[in-house]
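See below for coords.tsv, which holds TSV, N, CA and C atoms.
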chain	number	residue	atom	x	y	z
A	18	MET	N	-4.12	0.78	10.75
A	18	MET	CA	-3.63	0.52	12.07
A	18	MET	C	-2.35	-0.31	11.95
A	19	GLU	N	-1.32	0.11	12.65
A	19	GLU	CA	-0.03	-0.57	12.57
A	19	GLU	C	-0.03	-1.83	13.43
A	20	THR	N	0.42	-2.94	12.84
A	20	THR	CA	0.49	-4.22	13.55
A	20	THR	C	1.87	-4.45	14.12
A	21	GLY	N	2.91	-3.86	13.50
A	21	GLY	CA	4.25	-4.07	13.99
A	21	GLY	C	5.23	-3.02	13.52
A	22	LYS	N	6.31	-2.86	14.33
A	22	LYS	CA	7.35	-1.90	13.98
A	22	LYS	C	8.67	-2.41	14.56
A	23	VAL	N	9.74	-2.33	13.74
A	23	VAL	CA	11.08	-2.68	14.19
A	23	VAL	C	12.02	-1.58	13.71
A	24	VAL	N	12.92	-1.15	14.61
A	24	VAL	CA	13.94	-0.17	14.27
A	24	VAL	C	15.31	-0.82	14.54
A	25	VAL	N	16.19	-0.80	13.53
A	25	VAL	CA	17.54	-1.35	13.66
A	25	VAL	C	18.52	-0.20	13.49
A	26	GLU	N	19.40	-0.02	14.48
A	26	GLU	CA	20.39	1.05	14.46
A	26	GLU	C	21.76	0.51	14.85
A	27	ARG	N	22.80	1.29	14.56
A	27	ARG	CA	24.16	0.91	14.98
A	27	ARG	C	24.34	1.34	16.43
A	28	VAL	N	24.69	0.37	17.27
A	28	VAL	CA	24.98	0.63	18.68
A	28	VAL	C	26.29	-0.07	19.00
A	29	GLY	N	27.28	0.68	19.44
A	29	GLY	CA	28.59	0.10	19.74
A	29	GLY	C	29.23	-0.55	18.52
A	30	GLY	N	28.97	0.00	17.33
A	30	GLY	CA	29.55	-0.53	16.10
A	30	GLY	C	28.86	-1.77	15.55
A	31	MET	N	27.74	-2.17	16.15
A	31	MET	CA	27.02	-3.37	15.71
A	31	MET	C	25.56	-3.03	15.36
A	32	SER	N	25.01	-3.75	14.39
A	32	SER	CA	23.58	-3.62	14.09
A	32	SER	C	22.79	-4.17	15.28
A	33	THR	N	21.83	-3.38	15.76
A	33	THR	CA	21.07	-3.75	16.96
A	33	THR	C	19.61	-3.34	16.79
A	34	ALA	N	18.68	-4.22	17.17
A	34	ALA	CA	17.25	-3.86	17.18
A	34	ALA	C	17.02	-2.99	18.42
A	35	THR	N	16.72	-1.71	18.20
A	35	THR	CA	16.52	-0.78	19.32
A	35	THR	C	15.06	-0.59	19.68
A	36	HIS	N	14.17	-1.01	18.80
A	36	HIS	CA	12.73	-0.90	19.06
A	36	HIS	C	12.03	-2.07	18.37
A	37	CYS	N	11.16	-2.75	19.08
A	37	CYS	CA	10.41	-3.86	18.50
A	37	CYS	C	9.02	-3.89	19.11
A	38	TYR	N	8.01	-3.78	18.25
A	38	TYR	CA	6.63	-3.77	18.71
A	38	TYR	C	5.80	-4.62	17.75
A	39	SER	N	4.95	-5.46	18.30
A	39	SER	CA	4.01	-6.19	17.45
A	39	SER	C	2.78	-6.54	18.27
A	40	LYS	N	1.67	-6.72	17.57
A	40	LYS	CA	0.45	-7.14	18.24
A	40	LYS	C	-0.29	-8.12	17.34
A	41	TYR	N	-1.26	-8.81	17.91
A	41	TYR	CA	-2.02	-9.82	17.19
A	41	TYR	C	-2.47	-9.27	15.85
A	42	LEU	N	-2.20	-9.86	14.95
A	42	LEU	CA	-2.00	-11.09	14.25
A	42	LEU	C	-0.54	-11.37	13.96
A	43	LEU	N	0.35	-10.49	14.38
A	43	LEU	CA	1.76	-10.59	14.02
A	43	LEU	C	2.62	-10.71	15.27
A	44	LYS	N	3.75	-11.40	15.12
A	44	LYS	CA	4.74	-11.46	16.19
A	44	LYS	C	6.12	-11.45	15.54
A	45	PHE	N	7.05	-10.69	16.14
A	45	PHE	CA	8.44	-10.69	15.71
A	45	PHE	C	9.26	-11.51	16.70
A	46	ILE	N	10.17	-12.31	16.19
A	46	ILE	CA	11.15	-12.98	17.04
A	46	ILE	C	12.52	-12.51	16.55
A	47	ILE	N	13.30	-11.95	17.48
A	47	ILE	CA	14.64	-11.46	17.16
A	47	ILE	C	15.62	-12.16	18.09
A	48	PRO	N	16.25	-13.25	17.62
A	48	PRO	CA	17.20	-13.97	18.48
A	48	PRO	C	18.40	-13.09	18.83
A	49	ASN	N	18.99	-13.35	20.00
A	49	ASN	CA	20.17	-12.59	20.42
A	49	ASN	C	21.34	-12.78	19.46
A	50	LYS	N	21.54	-13.98	18.99
A	50	LYS	CA	22.67	-14.23	18.10
A	50	LYS	C	22.34	-15.34	17.12
A	51	VAL	N	22.64	-15.11	15.85
A	51	VAL	CA	22.50	-16.12	14.81
A	51	VAL	C	23.80	-16.14	14.04
A	52	GLY	N	24.42	-17.29	13.95
A	52	GLY	CA	25.67	-17.41	13.19
A	52	GLY	C	26.89	-17.09	14.03
A	53	PRO	N	28.06	-17.02	13.37
A	53	PRO	CA	29.31	-16.75	14.07
A	53	PRO	C	29.30	-15.39	14.78
A	54	SER	N	30.11	-15.26	15.82
A	54	SER	CA	30.10	-14.04	16.63
A	54	SER	C	30.53	-12.80	15.84
A	55	GLN	N	31.30	-12.97	14.77
A	55	GLN	CA	31.72	-11.82	13.98
A	55	GLN	C	30.65	-11.37	12.98
A	56	THR	N	29.56	-12.11	12.85
A	56	THR	CA	28.49	-11.74	11.92
A	56	THR	C	27.71	-10.56	12.49
A	57	ASP	N	27.65	-9.48	11.73
A	57	ASP	CA	26.94	-8.28	12.18
A	57	ASP	C	25.61	-8.19	11.43
A	58	ALA	N	24.63	-8.93	11.90
A	58	ALA	CA	23.30	-8.90	11.28
A	58	ALA	C	22.24	-9.14	12.34
A	59	VAL	N	21.15	-8.41	12.23
A	59	VAL	CA	19.97	-8.64	13.07
A	59	VAL	C	19.02	-9.50	12.26
A	60	TRP	N	18.66	-10.67	12.80
A	60	TRP	CA	17.70	-11.56	12.15
A	60	TRP	C	16.33	-11.28	12.74
A	61	ILE	N	15.35	-11.01	11.87
A	61	ILE	CA	13.97	-10.75	12.30
A	61	ILE	C	13.08	-11.81	11.66
A	62	TYR	N	12.43	-12.61	12.50
A	62	TYR	CA	11.48	-13.62	12.03
A	62	TYR	C	10.07	-13.08	12.25
A	63	THR	N	9.25	-13.10	11.20
A	63	THR	CA	7.85	-12.72	11.35
A	63	THR	C	7.01	-13.98	11.47
A	64	ILE	N	6.07	-13.96	12.40
A	64	ILE	CA	5.19	-15.11	12.64
A	64	ILE	C	3.76	-14.60	12.71
A	65	THR	N	2.84	-15.33	12.09
A	65	THR	CA	1.42	-15.00	12.22
A	65	THR	C	0.74	-16.08	13.05
A	66	TYR	N	-0.21	-15.66	13.86
A	66	TYR	CA	-0.97	-16.58	14.70
A	66	TYR	C	-2.05	-17.29	13.89
A	67	GLY	N	-2.46	-18.45	14.34
A	67	GLY	CA	-3.60	-19.13	13.75
A	67	GLY	C	-3.33	-19.89	12.48
A	68	GLY	N	-2.09	-20.00	12.06
A	68	GLY	CA	-1.76	-20.83	10.91
A	68	GLY	C	-1.91	-20.16	9.55
A	69	GLY	N	-2.30	-18.91	9.49
A	69	GLY	CA	-2.42	-18.23	8.21
A	69	GLY	C	-3.30	-17.00	8.32
A	70	ILE	N	-3.54	-16.36	7.17
A	70	ILE	CA	-4.40	-15.17	7.14
A	70	ILE	C	-5.54	-15.41	6.15
A	71	VAL	N	-6.63	-14.67	6.33
A	71	VAL	CA	-7.80	-14.78	5.45
A	71	VAL	C	-7.44	-14.13	4.12
A	72	SER	N	-7.85	-14.76	3.01
A	72	SER	CA	-7.43	-14.29	1.68
A	72	SER	C	-8.02	-12.94	1.30
A	73	VAL	N	-7.52	-12.44	0.17
A	73	VAL	CA	-7.94	-11.14	-0.33
A	73	VAL	C	-9.38	-11.19	-0.80
A	74	CYS	N	-9.98	-10.02	-0.91
A	74	CYS	CA	-11.38	-9.89	-1.29
A	74	CYS	C	-11.60	-10.41	-2.72
A	75	THR	N	-12.70	-11.10	-2.92
A	75	THR	CA	-13.01	-11.62	-4.26
A	75	THR	C	-14.06	-10.76	-4.96
A	76	LEU	N	-14.42	-9.62	-4.37
A	76	LEU	CA	-15.38	-8.73	-5.02
A	76	LEU	C	-14.74	-8.07	-6.24
A	77	SER	N	-15.55	-7.64	-7.19
A	77	SER	CA	-15.01	-6.99	-8.38
A	77	SER	C	-14.64	-5.53	-8.09
A	78	ILE	N	-15.10	-4.98	-6.96
A	78	ILE	CA	-14.74	-3.61	-6.56
A	78	ILE	C	-13.87	-3.69	-5.32
A	79	PRO	N	-12.95	-2.72	-5.11
A	79	PRO	CA	-12.09	-2.75	-3.92
A	79	PRO	C	-12.92	-2.62	-2.64
A	80	CYS	N	-12.43	-3.22	-1.56
A	80	CYS	CA	-13.11	-3.13	-0.27
A	80	CYS	C	-13.04	-1.70	0.25
A	81	ILE	N	-14.17	-1.17	0.66
A	81	ILE	CA	-14.20	0.13	1.33
A	81	ILE	C	-14.09	-0.11	2.83
A	82	LYS	N	-14.81	-1.09	3.33
A	82	LYS	CA	-14.75	-1.46	4.74
A	82	LYS	C	-13.67	-2.52	4.91
A	83	ARG	N	-12.69	-2.27	5.76
A	83	ARG	CA	-11.62	-3.23	6.02
A	83	ARG	C	-12.13	-4.32	6.95
A	84	CYS	N	-12.05	-5.54	6.50
A	84	CYS	CA	-12.49	-6.68	7.29
A	84	CYS	C	-11.49	-7.80	7.09
A	85	GLY	N	-11.61	-8.86	7.86
A	85	GLY	CA	-10.64	-9.94	7.76
A	85	GLY	C	-9.33	-9.54	8.41
A	86	ASP	N	-8.25	-10.24	8.06
A	86	ASP	CA	-6.94	-9.99	8.66
A	86	ASP	C	-6.19	-8.87	7.96
A	87	SER	N	-5.47	-8.08	8.74
A	87	SER	CA	-4.68	-6.99	8.19
A	87	SER	C	-3.35	-6.92	8.93
A	88	ILE	N	-2.25	-6.91	8.19
A	88	ILE	CA	-0.92	-6.81	8.78
A	88	ILE	C	-0.22	-5.62	8.13
A	89	LYS	N	0.22	-4.68	8.95
A	89	LYS	CA	0.96	-3.53	8.45
A	89	LYS	C	2.19	-3.32	9.33
A	90	CYS	N	3.37	-3.39	8.73
A	90	CYS	CA	4.63	-3.28	9.47
A	90	CYS	C	5.45	-2.12	8.95
A	91	GLU	N	6.17	-1.51	9.86
A	91	GLU	CA	7.17	-0.52	9.47
A	91	GLU	C	8.51	-1.02	9.99
A	92	ILE	N	9.48	-1.17	9.10
A	92	ILE	CA	10.80	-1.65	9.48
A	92	ILE	C	11.82	-0.63	9.00
A	93	SER	N	12.57	-0.06	9.96
A	93	SER	CA	13.55	0.99	9.65
A	93	SER	C	14.95	0.50	9.93
A	94	PHE	N	15.89	0.84	9.04
A	94	PHE	CA	17.28	0.44	9.17
A	94	PHE	C	18.15	1.69	9.17
A	95	GLY	N	19.06	1.79	10.13
A	95	GLY	CA	20.01	2.89	10.17
A	95	GLY	C	21.13	2.67	9.16
A	96	ASP	N	21.92	3.72	8.94
A	96	ASP	CA	23.06	3.63	8.02
A	96	ASP	C	24.03	2.56	8.48
A	97	GLY	N	24.49	1.73	7.55
A	97	GLY	CA	25.49	0.71	7.84
A	97	GLY	C	24.96	-0.52	8.57
A	98	CYS	N	23.65	-0.63	8.72
A	98	CYS	CA	23.07	-1.79	9.42
A	98	CYS	C	22.83	-2.94	8.46
A	99	THR	N	22.93	-4.15	8.99
A	99	THR	CA	22.63	-5.35	8.22
A	99	THR	C	21.49	-6.08	8.91
A	100	THR	N	20.46	-6.42	8.15
A	100	THR	CA	19.29	-7.07	8.71
A	100	THR	C	18.79	-8.15	7.76
A	101	VAL	N	18.33	-9.26	8.33
A	101	VAL	CA	17.69	-10.32	7.57
A	101	VAL	C	16.24	-10.38	8.03
A	102	LEU	N	15.31	-10.18	7.12
A	102	LEU	CA	13.88	-10.26	7.42
A	102	LEU	C	13.35	-11.52	6.76
A	103	THR	N	12.83	-12.44	7.54
A	103	THR	CA	12.37	-13.71	7.00
A	103	THR	C	11.17	-14.20	7.80
A	104	THR	N	10.62	-15.33	7.40
A	104	THR	CA	9.53	-15.94	8.14
A	104	THR	C	10.00	-17.28	8.69
A	105	GLN	N	9.31	-17.74	9.72
A	105	GLN	CA	9.65	-19.03	10.31
A	105	GLN	C	9.27	-20.16	9.34
A	106	ALA	N	8.22	-19.94	8.59
A	106	ALA	CA	7.71	-20.91	7.61
A	106	ALA	C	6.92	-20.12	6.56
A	107	SER	N	6.38	-20.83	5.58
A	107	SER	CA	5.57	-20.15	4.57
A	107	SER	C	4.31	-19.58	5.21
A	108	THR	N	3.87	-18.42	4.72
A	108	THR	CA	2.63	-17.82	5.20
A	108	THR	C	1.49	-18.34	4.35
A	109	LYS	N	0.52	-18.95	4.98
A	109	LYS	CA	-0.63	-19.49	4.26
A	109	LYS	C	-1.70	-18.43	4.15
A	110	VAL	N	-2.31	-18.34	2.98
A	110	VAL	CA	-3.42	-17.42	2.74
A	110	VAL	C	-4.62	-18.27	2.38
A	111	TYR	N	-5.68	-18.17	3.19
A	111	TYR	CA	-6.87	-19.00	2.99
A	111	TYR	C	-7.95	-18.22	2.26
A	112	LYS	N	-8.74	-18.94	1.47
A	112	LYS	CA	-9.84	-18.34	0.72
A	112	LYS	C	-10.81	-17.69	1.69
A	113	SER	N	-11.29	-16.50	1.32
A	113	SER	CA	-12.20	-15.76	2.20
A	113	SER	C	-13.62	-16.29	2.11
A	114	VAL	N	-14.37	-15.97	3.14
A	114	VAL	CA	-15.78	-16.33	3.21
A	114	VAL	C	-16.58	-15.04	3.23
A	115	GLU	N	-17.60	-14.95	2.45
A	115	GLU	CA	-18.48	-13.77	2.40
A	115	GLU	C	-17.71	-12.48	2.13
A	116	SER	N	-16.76	-12.54	1.20
A	116	SER	CA	-16.04	-11.36	0.69
A	116	SER	C	-15.25	-10.62	1.76
A	117	LYS	N	-14.73	-11.31	2.78
A	117	LYS	CA	-13.87	-10.67	3.76
A	117	LYS	C	-12.48	-10.49	3.15
A	118	CYS	N	-11.79	-9.44	3.55
A	118	CYS	CA	-10.51	-9.08	2.95
A	118	CYS	C	-9.35	-9.30	3.91
A	119	SER	N	-8.15	-9.41	3.36
A	119	SER	CA	-6.93	-9.40	4.15
A	119	SER	C	-5.93	-8.50	3.44
A	120	GLU	N	-4.91	-8.08	4.20
A	120	GLU	CA	-3.93	-7.17	3.65
A	120	GLU	C	-2.62	-7.32	4.40
A	121	GLN	N	-1.50	-7.27	3.70
A	121	GLN	CA	-0.19	-7.33	4.34
A	121	GLN	C	0.67	-6.25	3.71
A	122	VAL	N	1.15	-5.30	4.53
A	122	VAL	CA	1.92	-4.17	4.03
A	122	VAL	C	3.22	-4.08	4.81
A	123	LEU	N	4.35	-4.02	4.12
A	123	LEU	CA	5.65	-3.80	4.74
A	123	LEU	C	6.18	-2.47	4.21
A	124	GLU	N	6.56	-1.58	5.12
A	124	GLU	CA	7.10	-0.27	4.72
A	124	GLU	C	8.54	-0.16	5.16
Same coordinates, now as structure tokens:
Amino acid sequence: METGKVVVERVGGMSTATHCYSKYLLKFIIPNKVGPSQTDAVWIYTITYGGGIVSVCTLSIPCIKRCGDSIKCEISFGDGCTTVLTTQASTKVYKSVESKCSEQVLE
């Protein structure tokens, strides 16, 4: 299940976020302007709710049933676009309880 998607394309000769979607556990913040006016870059900040995500599974076999937190993002850039993808702060990963899993995927 997709948690977020951002599309950056050239509009009027500038890099522009043309599509932005996110849902819980993830949030994107895309400020209107960062840096000098001649800077052609879209800044994308990723934020997770709750102060962190549940850690990866500690079982010796891979999880078949997905449980715990899962983040899956698709970020697309058009030709000639400039984008900065960063976080507001470090992402904390907490030890799981009862073999619950978490996953973070960026495509």
Who sits within 12 Å of Gly95 in chain A, only C-alpha atoms, same chain under 2 positions skipped, as a PyMOL selection string: chain A and resi 23-28+30-35+59+92-93+97-100
Would you put the residues from that selection into a file with N, CA and C atoms, as an mmCIF file, keeping the file's coordinate frame?
data_model
loop_
_atom_site.group_PDB
_atom_site.id
_atom_site.type_symbol
_atom_site.label_atom_id
_atom_site.label_comp_id
_atom_site.auth_asym_id
_atom_site.auth_seq_id
_atom_site.Cartn_x
_atom_site.Cartn_y
_atom_site.Cartn_z
ATOM 1 N N VAL A 23 9.740 -2.330 13.740
ATOM 2 C CA VAL A 23 11.080 -2.680 14.190
ATOM 3 C C VAL A 23 12.020 -1.580 13.710
ATOM 4 N N VAL A 24 12.920 -1.150 14.610
ATOM 5 C CA VAL A 24 13.940 -0.170 14.270
ATOM 6 C C VAL A 24 15.310 -0.820 14.540
ATOM 7 N N VAL A 25 16.190 -0.800 13.530
ATOM 8 C CA VAL A 25 17.540 -1.350 13.660
ATOM 9 C C VAL A 25 18.520 -0.200 13.490
ATOM 10 N N GLU A 26 19.400 -0.020 14.480
ATOM 11 C CA GLU A 26 20.390 1.050 14.460
ATOM 12 C C GLU A 26 21.760 0.510 14.850
ATOM 13 N N ARG A 27 22.800 1.290 14.560
ATOM 14 C CA ARG A 27 24.160 0.910 14.980
ATOM 15 C C ARG A 27 24.340 1.340 16.430
ATOM 16 N N VAL A 28 24.690 0.370 17.270
ATOM 17 C CA VAL A 28 24.980 0.630 18.680
ATOM 18 C C VAL A 28 26.290 -0.070 19.000
ATOM 19 N N GLY A 30 28.970 0.000 17.330
ATOM 20 C CA GLY A 30 29.550 -0.530 16.100
ATOM 21 C C GLY A 30 28.860 -1.770 15.550
ATOM 22 N N MET A 31 27.740 -2.170 16.150
ATOM 23 C CA MET A 31 27.020 -3.370 15.710
ATOM 24 C C MET A 31 25.560 -3.030 15.360
ATOM 25 N N SER A 32 25.010 -3.750 14.390
ATOM 26 C CA SER A 32 23.580 -3.620 14.090
ATOM 27 C C SER A 32 22.790 -4.170 15.280
ATOM 28 N N THR A 33 21.830 -3.380 15.760
ATOM 29 C CA THR A 33 21.070 -3.750 16.960
ATOM 30 C C THR A 33 19.610 -3.340 16.790
ATOM 31 N N ALA A 34 18.680 -4.220 17.170
ATOM 32 C CA ALA A 34 17.250 -3.860 17.180
ATOM 33 C C ALA A 34 17.020 -2.990 18.420
ATOM 34 N N THR A 35 16.720 -1.710 18.200
ATOM 35 C CA THR A 35 16.520 -0.780 19.320
ATOM 36 C C THR A 35 15.060 -0.590 19.680
ATOM 37 N N VAL A 59 21.150 -8.410 12.230
ATOM 38 C CA VAL A 59 19.970 -8.640 13.070
ATOM 39 C C VAL A 59 19.020 -9.500 12.260
ATOM 40 N N ILE A 92 9.480 -1.170 9.100
ATOM 41 C CA ILE A 92 10.800 -1.650 9.480
ATOM 42 C C ILE A 92 11.820 -0.630 9.000
ATOM 43 N N SER A 93 12.570 -0.060 9.960
ATOM 44 C CA SER A 93 13.550 0.990 9.650
ATOM 45 C C SER A 93 14.950 0.500 9.930
ATOM 46 N N GLY A 97 24.490 1.730 7.550
ATOM 47 C CA GLY A 97 25.490 0.710 7.840
ATOM 48 C C GLY A 97 24.960 -0.520 8.570
ATOM 49 N N CYS A 98 23.650 -0.630 8.720
ATOM 50 C CA CYS A 98 23.070 -1.790 9.420
ATOM 51 C C CYS A 98 22.830 -2.940 8.460
ATOM 52 N N THR A 99 22.930 -4.150 8.990
ATOM 53 C CA THR A 99 22.630 -5.350 8.220
ATOM 54 C C THR A 99 21.490 -6.080 8.910
ATOM 55 N N THR A 100 20.460 -6.420 8.150
ATOM 56 C CA THR A 100 19.290 -7.070 8.710
ATOM 57 C C THR A 100 18.790 -8.150 7.760
#
Spatial neighbours of Ile46 in chain A, max dist 8 Å, only N, CA and C atoms, sep filter under 3 positions, as number ranges by chain: A: 43, 49, 60-64
Option closest in space to Ile88 in chain A, from A:Gly52, A:Thr65, A:Asp57, A:Val101 [counting only C-alpha atoms]: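 Among the listed residues, A:Thr65 lies closest to Ile88 in chain A.
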Coordinates-based distance that separates CA of Thr56 in chain A from atom C of Thr20 in chain A (Å, one decimal): 27.7 Å
Length of the CA of Leu42 in chain A to atom N of Thr103 in chain A vector [Å]: 16.3 Å
CA of Asp96 in chain A to CA of Lys44 in chain A, distance in Å rounded to a single decimal: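 These two atoms are separated by 25.1 Å.
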Residue nearest Thr104 in chain A among A:Ala58, A:Ile47, A:Lys22, A:Gly29 (counting only C-alpha atoms):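 The answer is A:Ile47, which sits nearest to Thr104 in chain A.
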Sphere at (7.0, -3.7, 19.3), radius 6.5 Å, counting only N, CA and C atoms: residues as a PyMOL selection string: chain A and resi 21-23+36-40
